[in-house]
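Undergrad: I am sharing upload35.cif, which consists of mmCIF, C-alpha atoms:
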```cif
data_protein
loop_
_atom_site.group_PDB
_atom_site.id
_atom_site.type_symbol
_atom_site.label_atom_id
_atom_site.label_comp_id
_atom_site.auth_asym_id
_atom_site.auth_seq_id
_atom_site.Cartn_x
_atom_site.Cartn_y
_atom_site.Cartn_z
ATOM 1 C CA MET A 1 6.083 114.685 129.094
ATOM 2 C CA THR A 2 8.130 112.389 126.876
ATOM 3 C CA LEU A 3 11.878 111.941 127.454
ATOM 4 C CA ALA A 4 14.287 111.777 124.498
ATOM 5 C CA PRO A 5 16.496 108.692 124.547
ATOM 6 C CA CYS A 6 20.130 109.271 125.460
ATOM 7 C CA THR A 7 22.293 108.713 122.382
ATOM 8 C CA LYS A 8 25.725 109.415 123.981
ATOM 9 C CA PRO A 9 26.425 105.834 125.140
ATOM 10 C CA PHE A 10 25.416 104.601 121.686
ATOM 11 C CA ARG A 11 27.847 106.973 119.981
ATOM 12 C CA LEU A 12 30.688 105.951 122.271
ATOM 13 C CA ALA A 13 30.044 102.314 121.527
ATOM 14 C CA VAL A 14 30.129 102.992 117.791
ATOM 15 C CA LEU A 15 33.437 104.905 118.061
ATOM 16 C CA ARG A 16 34.971 102.155 120.157
ATOM 17 C CA GLY A 17 33.920 99.602 117.584
ATOM 18 C CA ARG A 18 35.541 101.561 114.802
ATOM 19 C CA GLN A 19 38.850 101.829 116.763
ATOM 20 C CA LYS A 20 39.167 98.106 117.261
ATOM 21 C CA GLY A 21 42.197 96.775 115.303
ATOM 22 C CA GLN A 22 43.740 100.214 114.723
ATOM 23 C CA SER A 23 46.956 99.402 116.625
ATOM 24 C CA THR A 24 47.293 96.143 114.714
ATOM 25 C CA VAL A 25 46.978 97.921 111.387
ATOM 26 C CA GLU A 26 49.531 100.537 112.442
ATOM 27 C CA PHE A 27 51.953 97.825 113.531
ATOM 28 C CA VAL A 28 51.597 95.950 110.228
ATOM 29 C CA VAL A 29 52.125 99.119 108.167
ATOM 30 C CA LEU A 30 55.172 100.051 110.251
ATOM 31 C CA ALA A 31 56.580 96.521 110.016
ATOM 32 C CA VAL A 32 56.305 96.575 106.224
ATOM 33 C CA VAL A 33 58.692 99.560 106.253
ATOM 34 C CA MET A 34 60.930 98.757 109.207
ATOM 35 C CA VAL A 35 61.629 95.039 108.757
ATOM 36 C CA PRO A 36 63.279 95.388 105.309
ATOM 37 C CA LEU A 37 65.173 98.416 106.626
ATOM 38 C CA LEU A 38 66.482 96.426 109.600
ATOM 39 C CA LEU A 39 67.641 93.723 107.198
ATOM 40 C CA ILE A 40 69.198 96.089 104.659
ATOM 41 C CA ILE A 41 71.299 98.240 107.027
ATOM 42 C CA PRO A 42 73.446 95.347 108.347
ATOM 43 C CA LEU A 43 73.674 93.961 104.801
ATOM 44 C CA ILE A 44 75.045 97.242 103.440
ATOM 45 C CA GLY A 45 77.593 97.236 106.259
ATOM 46 C CA LYS A 46 78.697 93.752 105.221
ATOM 47 C CA TYR A 47 79.034 94.871 101.598
ATOM 48 C CA MET A 48 81.202 97.799 102.716
ATOM 49 C CA ASP A 49 83.366 95.464 104.790
ATOM 50 C CA ILE A 50 83.879 93.175 101.783
ATOM 51 C CA ALA A 51 84.767 96.204 99.628
ATOM 52 C CA GLN A 52 87.350 97.377 102.177
ATOM 53 C CA THR A 53 88.849 93.889 102.373
ATOM 54 C CA THR A 54 89.036 93.787 98.568
ATOM 55 C CA ALA A 55 91.043 97.033 98.545
ATOM 56 C CA VAL A 56 93.468 95.696 101.168
ATOM 57 C CA ALA A 57 93.835 92.440 99.220
ATOM 58 C CA SER A 58 94.717 94.347 96.025
ATOM 59 C CA ARG A 59 97.473 96.174 97.913
ATOM 60 C CA TYR A 60 98.833 92.849 99.097
ATOM 61 C CA VAL A 61 98.942 91.541 95.526
ATOM 62 C CA ALA A 62 100.731 94.679 94.309
ATOM 63 C CA PHE A 63 103.283 94.677 97.128
ATOM 64 C CA GLU A 64 103.998 91.005 96.498
ATOM 65 C CA GLY A 65 105.077 92.138 93.027
ATOM 66 C CA ALA A 66 107.424 94.659 94.612
ATOM 67 C CA VAL A 67 109.061 91.845 96.604
ATOM 68 C CA ARG A 68 108.823 88.947 94.142
ATOM 69 C CA HIS A 69 109.870 90.801 90.988
ATOM 70 C CA SER A 70 111.691 89.511 87.908
ATOM 71 C CA SER A 71 115.140 90.105 89.434
ATOM 72 C CA SER A 72 114.404 88.402 92.753
ATOM 73 C CA ASN A 73 115.534 84.887 93.540
ATOM 74 C CA GLY A 74 111.976 83.595 93.794
ATOM 75 C CA GLY A 75 110.647 85.359 90.698
ATOM 76 C CA TRP A 76 107.079 86.469 90.084
ATOM 77 C CA LYS A 77 104.236 84.694 91.832
ATOM 78 C CA THR A 78 101.551 83.318 89.542
ATOM 79 C CA ASP A 79 97.983 84.609 89.660
ATOM 80 C CA GLY A 80 96.890 81.225 90.989
ATOM 81 C CA GLU A 81 99.320 81.395 93.911
ATOM 82 C CA LEU A 82 98.269 84.945 94.762
ATOM 83 C CA ALA A 83 94.567 84.043 94.532
ATOM 84 C CA GLN A 84 95.049 81.134 96.900
ATOM 85 C CA GLU A 85 96.845 83.351 99.427
ATOM 86 C CA VAL A 86 94.287 86.165 99.146
ATOM 87 C CA ARG A 87 91.300 83.856 99.630
ATOM 88 C CA ARG A 88 92.728 82.302 102.768
ATOM 89 C CA ARG A 89 94.410 85.344 104.349
ATOM 90 C CA PHE A 90 91.828 88.050 103.595
ATOM 91 C CA PHE A 91 88.454 86.499 102.746
ATOM 92 C CA SER A 92 88.576 83.530 105.098
ATOM 93 C CA SER A 93 88.184 83.535 108.876
ATOM 94 C CA SER A 94 90.044 86.377 110.592
ATOM 95 C CA ASP A 95 92.097 84.012 112.765
ATOM 96 C CA ALA A 96 93.466 82.049 109.803
ATOM 97 C CA PRO A 97 97.182 81.315 110.261
ATOM 98 C CA ILE A 98 99.655 82.390 107.591
ATOM 99 C CA LYS A 99 100.886 79.125 106.115
ATOM 100 C CA THR A 100 102.435 78.286 102.769
ATOM 101 C CA ASN A 101 100.073 76.587 100.298
ATOM 102 C CA ASP A 102 97.138 76.958 102.695
ATOM 103 C CA THR A 103 93.773 76.827 100.892
ATOM 104 C CA ALA A 104 90.422 78.301 101.944
ATOM 105 C CA GLY A 105 87.743 75.632 102.085
ATOM 106 C CA ASP A 106 84.083 76.150 101.189
ATOM 107 C CA PHE A 107 82.766 75.420 104.679
ATOM 108 C CA ASN A 108 81.727 77.663 107.553
ATOM 109 C CA ALA A 109 84.840 77.068 109.662
ATOM 110 C CA HIS A 110 86.905 78.852 106.998
ATOM 111 C CA ARG A 111 84.395 81.640 106.304
ATOM 112 C CA ASN A 112 84.236 85.103 107.824
ATOM 113 C CA PRO A 113 81.417 84.823 110.411
ATOM 114 C CA LEU A 114 80.120 88.323 109.544
ATOM 115 C CA TRP A 115 79.600 87.664 105.852
ATOM 116 C CA PHE A 116 76.280 85.825 106.053
ATOM 117 C CA ASP A 117 72.814 87.089 105.097
ATOM 118 C CA HIS A 118 69.704 87.060 107.284
ATOM 119 C CA ARG A 119 68.959 83.479 106.229
ATOM 120 C CA GLY A 120 72.371 82.263 107.395
ATOM 121 C CA MET A 121 73.629 81.772 103.852
ATOM 122 C CA PRO A 122 77.224 82.860 103.043
ATOM 123 C CA LEU A 123 77.737 85.906 100.821
ATOM 124 C CA LEU A 124 80.824 84.194 99.348
ATOM 125 C CA PRO A 125 79.657 80.582 98.977
ATOM 126 C CA VAL A 126 82.484 79.363 96.688
ATOM 127 C CA PHE A 127 85.887 80.982 97.183
ATOM 128 C CA GLY A 128 87.242 79.783 93.843
ATOM 129 C CA SER A 129 84.560 81.560 91.809
ATOM 130 C CA ASN A 130 83.688 84.436 94.153
ATOM 131 C CA VAL A 131 87.265 85.732 94.679
ATOM 132 C CA LYS A 132 89.521 86.134 91.653
ATOM 133 C CA VAL A 133 92.988 87.671 91.307
ATOM 134 C CA SER A 134 94.807 88.888 88.209
ATOM 135 C CA THR A 135 98.023 90.809 87.656
ATOM 136 C CA VAL A 136 99.203 93.005 84.800
ATOM 137 C CA LYS A 137 102.804 93.992 84.048
ATOM 138 C CA ASP A 138 103.037 96.986 81.708
ATOM 139 C CA SER A 139 106.111 98.394 80.003
ATOM 140 C CA THR A 140 107.299 101.961 80.366
ATOM 141 C CA SER A 141 105.895 103.886 77.426
ATOM 142 C CA GLN A 142 107.097 107.401 78.241
ATOM 143 C CA PRO A 143 110.296 108.340 76.348
ATOM 144 C CA PHE A 144 112.025 109.907 79.350
ATOM 145 C CA GLY A 145 111.120 106.961 81.536
ATOM 146 C CA THR A 146 112.574 104.555 79.001
ATOM 147 C CA VAL A 147 115.815 106.568 78.783
ATOM 148 C CA TYR A 148 116.267 106.706 82.538
ATOM 149 C CA ALA A 149 115.412 103.024 83.001
ATOM 150 C CA GLY A 150 117.927 102.027 80.340
ATOM 151 C CA SER A 151 120.631 104.273 81.781
ATOM 152 C CA PHE A 152 120.393 102.797 85.264
ATOM 153 C CA GLY A 153 119.914 99.250 84.048
ATOM 154 C CA LEU A 154 116.323 99.054 85.266
ATOM 155 C CA SER A 155 113.664 96.833 83.780
ATOM 156 C CA SER A 156 111.196 98.660 81.542
ATOM 157 C CA ASP A 157 108.271 96.301 82.304
ATOM 158 C CA ASN A 158 107.997 97.091 86.002
ATOM 159 C CA LEU A 159 104.571 98.755 86.274
ATOM 160 C CA TYR A 160 102.818 96.036 88.243
ATOM 161 C CA THR A 161 99.055 96.161 88.875
ATOM 162 C CA GLY A 162 97.238 93.836 91.241
ATOM 163 C CA ASN A 163 93.533 93.292 90.538
ATOM 164 C CA VAL A 164 91.121 91.613 92.970
ATOM 165 C CA ASN A 165 87.522 90.952 91.934
ATOM 166 C CA VAL A 166 84.860 89.721 94.364
ATOM 167 C CA THR A 167 81.414 88.556 93.279
ATOM 168 C CA VAL A 168 78.821 88.656 96.064
ATOM 169 C CA ALA A 169 75.968 86.154 95.990
ATOM 170 C CA ASP A 170 72.408 87.409 95.471
ATOM 171 C CA ILE A 171 69.913 87.064 98.335
ATOM 172 C CA ALA A 172 66.727 85.274 97.367
ATOM 173 C CA GLY A 173 63.462 86.850 98.538
ATOM 174 C CA LEU A 174 64.936 90.260 99.383
ATOM 175 C CA LYS A 175 64.385 92.781 96.613
ATOM 176 C CA PRO A 176 66.388 94.290 94.970
ATOM 177 C CA PHE A 177 69.229 92.166 96.384
ATOM 178 C CA ASP A 178 67.804 89.016 94.838
ATOM 179 C CA ALA A 179 69.028 90.141 91.397
ATOM 180 C CA LEU A 180 71.696 92.685 92.308
ATOM 181 C CA GLY A 181 74.666 90.898 90.736
ATOM 182 C CA LEU A 182 77.119 92.848 92.916
ATOM 183 C CA SER A 183 80.739 92.694 91.790
ATOM 184 C CA ILE A 184 83.517 94.573 93.639
ATOM 185 C CA THR A 185 86.872 95.271 91.948
ATOM 186 C CA ARG A 186 89.868 97.051 93.401
ATOM 187 C CA LYS A 187 93.252 97.749 91.778
ATOM 188 C CA THR A 188 96.645 98.817 93.132
ATOM 189 C CA ALA A 189 99.616 99.702 90.913
ATOM 190 C CA LEU A 190 103.264 99.912 91.929
ATOM 191 C CA LEU A 191 106.613 100.307 90.220
ATOM 192 C CA ALA A 192 108.241 96.983 90.977
ATOM 193 C CA ASP A 193 111.604 95.433 90.057
ATOM 194 C CA PRO A 194 113.727 98.293 91.444
ATOM 195 C CA TRP A 195 117.476 98.672 91.509
ATOM 196 C CA ALA A 196 119.066 98.399 94.933
ATOM 197 C CA ALA A 197 122.671 99.314 95.687
ATOM 198 C CA SER A 198 124.996 97.169 97.785
ATOM 199 C CA GLY A 199 126.949 100.157 99.106
ATOM 200 C CA PRO A 200 128.366 103.627 98.333
ATOM 201 C CA GLY A 201 130.699 102.234 95.689
ATOM 202 C CA SER A 202 127.796 100.579 93.886
ATOM 203 C CA VAL A 203 125.783 103.820 93.974
ATOM 204 C CA SER A 204 128.720 105.821 92.608
ATOM 205 C CA SER A 205 129.440 103.444 89.742
ATOM 206 C CA LYS A 206 125.768 103.158 88.865
ATOM 207 C CA ILE A 207 125.264 106.928 88.689
ATOM 208 C CA LYS A 208 128.494 107.546 86.789
ATOM 209 C CA GLY A 209 127.580 104.853 84.311
ATOM 210 C CA ALA A 210 124.159 106.366 83.595
ATOM 211 C CA THR A 211 125.460 108.886 81.061
ATOM 212 C CA ALA A 212 122.033 109.615 79.565
ATOM 213 C CA ALA A 213 120.468 110.478 82.919
ATOM 214 C CA PHE A 214 123.561 111.948 84.564
ATOM 215 C CA PRO A 215 126.324 113.110 82.171
ATOM 216 C CA TYR A 216 129.015 112.791 84.826
ATOM 217 C CA ALA A 217 132.061 113.271 82.592
ATOM 218 C CA ALA A 218 130.693 116.377 80.854
ATOM 219 C CA LEU A 219 129.662 117.988 84.131
ATOM 220 C CA LYS A 220 133.038 117.271 85.725
ATOM 221 C CA LEU A 221 134.836 118.764 82.720
ATOM 222 C CA ALA A 222 132.673 121.910 82.856
ATOM 223 C CA ALA A 223 133.135 122.344 86.607
ATOM 224 C CA ALA A 224 136.955 122.021 86.593
ATOM 225 C CA PRO A 225 137.727 125.571 85.228
ATOM 226 C CA LEU A 226 135.334 127.101 87.777
ATOM 227 C CA SER A 227 137.092 125.693 90.821
ATOM 228 C CA PRO A 228 139.827 128.432 91.130
ATOM 229 C CA PHE A 229 137.307 131.239 90.762
ATOM 230 C CA ILE A 230 135.060 129.768 93.419
ATOM 231 C CA SER A 231 137.995 129.582 95.819
ATOM 232 C CA LEU A 232 138.763 133.273 95.218
ATOM 233 C CA LEU A 233 135.184 134.414 95.645
ATOM 234 C CA GLU A 234 134.461 132.193 98.634
ATOM 235 C CA PRO A 235 137.738 131.376 100.429
ATOM 236 C CA ASN A 236 136.048 129.109 102.989
ATOM 237 C CA SER A 237 134.005 127.178 100.444
ATOM 238 C CA ASN A 238 134.895 124.016 98.607
ATOM 239 C CA PRO A 239 134.670 123.800 94.826
ATOM 240 C CA PRO A 240 132.071 121.427 93.403
ATOM 241 C CA ASP A 241 133.211 117.823 93.347
ATOM 242 C CA VAL A 242 131.011 116.233 90.726
ATOM 243 C CA GLY A 243 130.309 112.548 91.147
ATOM 244 C CA VAL A 244 131.405 112.206 94.771
ATOM 245 C CA VAL A 245 129.178 109.924 96.853
ATOM 246 C CA ASP A 246 129.333 110.798 100.545
ATOM 247 C CA PRO A 247 127.503 108.076 102.481
ATOM 248 C CA ASP A 248 125.698 108.802 105.718
ATOM 249 C CA LYS A 249 127.838 107.711 108.632
ATOM 250 C CA VAL A 250 126.443 106.448 111.911
ATOM 251 C CA PRO A 251 128.014 108.201 114.928
ATOM 252 C CA ALA A 252 130.468 106.035 116.832
ATOM 253 C CA ASP A 253 128.437 106.283 120.064
ATOM 254 C CA ARG A 254 125.449 104.795 118.267
ATOM 255 C CA LEU A 255 127.306 101.696 117.122
ATOM 256 C CA GLY A 256 127.246 98.562 119.190
ATOM 257 C CA PRO A 257 130.288 96.490 120.073
ATOM 258 C CA PRO A 258 131.763 94.527 117.167
ATOM 259 C CA LEU A 259 130.577 90.965 116.893
#
```
Output the file's structure in the form of structure tokens.

TA:
Amino acid sequence: MTLAPCTKPFRLAVLRGRQKGQSTVEFVVLAVVMVPLLLIIPLIGKYMDIAQTTAVASRYVAFEGAVRHSSSNGGWKTDGELAQEVRRRFFSSSDAPIKTNDTAGDFNAHRNPLWFDHRGMPLLPVFGSNVKVSTVKDSTSQPFGTVYAGSFGLSSDNLYTGNVNVTVADIAGLKPFDALGLSITRKTALLADPWAASGPGSVSSKIKGATAAFPYAALKLAAAPLSPFISLLEPNSNPPDVGVVDPDKVPADRLGPPL
């Protein structure tokens, strides 16, 4: 009687030979997908942080126009002055002190520590070329707006827009960020150069003098004949007193002792 050779150990050996290196191949395939993803997710978060900072910086530029307008003692700030302030106070290190004429330097001590790529290179390498500021002052073009501005003695070129543009550096060796050319722009517009009253008397004279917006004399003349009839119809009511400015008064118990 002849015995057939056992082929089971041979088959197991062949299968084990074929499985050698499988985990290595799986790891390499997974790494090809996961490593770029792990690099891109933090990078997108940094881009979003820069975009948010750009929006806040544009609001600062616009509100500076509301404070330093054409009628203020200091006058308008130049685009160069605003750019210098924005670079140091918003795009520099977060603990930067607020100082006059302070300039952001192109070295790591003045850079935001989060805005670096995976190679340790800054996303904003040169503040002067990566962060730019511009302002636009437009005139009132609507007819009614022009009439009201002229009546109250307001400036007609008070639509002030602050623009902040940030150019982010490309990242070499990381597609498609190596040729992305990302540029972030944010704008904020405000009506600057307002009229402010010094007191109730100033408000009254300003309103009464704005005949185009508030025809005080004509309204007072038209309301005068109606006063007796209103008193008859409503004995406890007061007739209209056109042009009277009644300022808000602070209760006596809320006032401090006189200085």

Undergrad: Pick out the residues sitting within 10 Å of Leu114 in chain A, and hand them over as a list in words; count only C-alpha atoms, and ignore anything fewer than 4 positions along from it in its own chain.

TA: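 Counting only the stated atoms, we get Pro42, Leu43, Gly45, Lys46, Asp49, Ile50, Ser93, Pro122 and Leu123 of chain A.
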
Undergrad: Hey, can you check how far CA of Leu38 in chain A sits from CA of Val168 in chain A?

TA: 19.9 Å

Undergrad: Do you know which residues are at most 9 Å from Val86 in chain A counting only C-alpha atoms, after dropping those on the same chain fewer than 2 positions away, and could you put them as a list in words?

TA: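 The filter keeps Ala57, Ser58, Tyr60, Val61, Glu81, Leu82, Ala83, Gln84, Arg88, Arg89, Phe90, Phe91, Ser92, Val131, Lys132, Val133 and Val164 of chain A.
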
Undergrad: Could you list, as a list of chain:residue names, every residue matched by the PyMOL selection byres ((chain A and resi 215-218) around 12) in this structure?

TA: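 Expected selection for the PyMOL selection byres ((chain A and resi 215-218) around 12) here is A:Tyr148, A:Ser151, A:Ser204, A:Ser205, A:Lys206, A:Ile207, A:Lys208, A:Gly209, A:Ala210, A:Thr211, A:Ala212, A:Ala213, A:Phe214, A:Leu219, A:Lys220, A:Leu221, A:Ala222, A:Ala223, A:Ala224, A:Asp241, A:Val242, A:Gly243, A:Val244.
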
Undergrad: Do a neighbour search on Met121 in chain A at 10 Å with all atoms listed in the file, toss out local chain neighbours closer than 4 positions, and write the hits as a list in words.

TA: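 Skipping anything fewer than 4 positions along the chain leaves Asn108, Trp115, Phe116, Asp117, Pro125, Ala169 and Ile171 of chain A.
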
Undergrad: Skip Asp157 in chain A itself and residues of its chain fewer than 3 positions away, then list as a list of chain:residue names all residues within 10 Å of it, counting all atoms listed in the file.

TA: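 So the residues in contact are A:Ser70, A:Val136, A:Lys137, A:Asp138, A:Ser139, A:Thr140, A:Ser141, A:Thr146, A:Ala149, A:Leu154, A:Tyr160, A:Leu191, A:Ala192, A:Asp193.
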
Undergrad: Any idea what the distance is between CA of Gly153 in chain A and CA of Gly65 in chain A?

TA: 18.7 Å

Undergrad: I'd like the neighbourhood of Val166 in chain A as a VMD selection string, where a residue qualifies if any of its atoms comes within 10 Å (using all atoms listed in the file), though same-chain residues fewer than 5 positions away should be ignored.

TA: chain A and resid 50 to 51 53 to 54 91 124 127 129 to 133 182 to 186

Undergrad: Suppose we keep C-alpha atoms; can you now write the selection as an mmCIF file, in the frame of the given file?

TA:
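Wrote result14.cif, looks like this:
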```cif
data_model
loop_
_atom_site.group_PDB
_atom_site.id
_atom_site.type_symbol
_atom_site.label_atom_id
_atom_site.label_comp_id
_atom_site.auth_asym_id
_atom_site.auth_seq_id
_atom_site.Cartn_x
_atom_site.Cartn_y
_atom_site.Cartn_z
ATOM 1 C CA ILE A 50 83.879 93.175 101.783
ATOM 2 C CA ALA A 51 84.767 96.204 99.628
ATOM 3 C CA THR A 53 88.849 93.889 102.373
ATOM 4 C CA THR A 54 89.036 93.787 98.568
ATOM 5 C CA PHE A 91 88.454 86.499 102.746
ATOM 6 C CA LEU A 124 80.824 84.194 99.348
ATOM 7 C CA PHE A 127 85.887 80.982 97.183
ATOM 8 C CA SER A 129 84.560 81.560 91.809
ATOM 9 C CA ASN A 130 83.688 84.436 94.153
ATOM 10 C CA VAL A 131 87.265 85.732 94.679
ATOM 11 C CA LYS A 132 89.521 86.134 91.653
ATOM 12 C CA VAL A 133 92.988 87.671 91.307
ATOM 13 C CA LEU A 182 77.119 92.848 92.916
ATOM 14 C CA SER A 183 80.739 92.694 91.790
ATOM 15 C CA ILE A 184 83.517 94.573 93.639
ATOM 16 C CA THR A 185 86.872 95.271 91.948
ATOM 17 C CA ARG A 186 89.868 97.051 93.401
#
```

Undergrad: Can you work out which one of A:Gly120, A:Gly150, A:Gly201, A:Pro251 has the shortest atom-to-atom distance to Ala172 in chain A, counting all atoms listed in the file?

TA: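 Of all the options, A:Gly120 lies closest to Ala172 in chain A.
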
Undergrad: Go ahead and compute the interatomic distance for CA of Pro200 in chain A and CA of Phe152 in chain A, in Å to one decimal.

TA: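 About the pair CA of Pro200 in chain A and CA of Phe152 in chain A: they are 15.3 Å apart.
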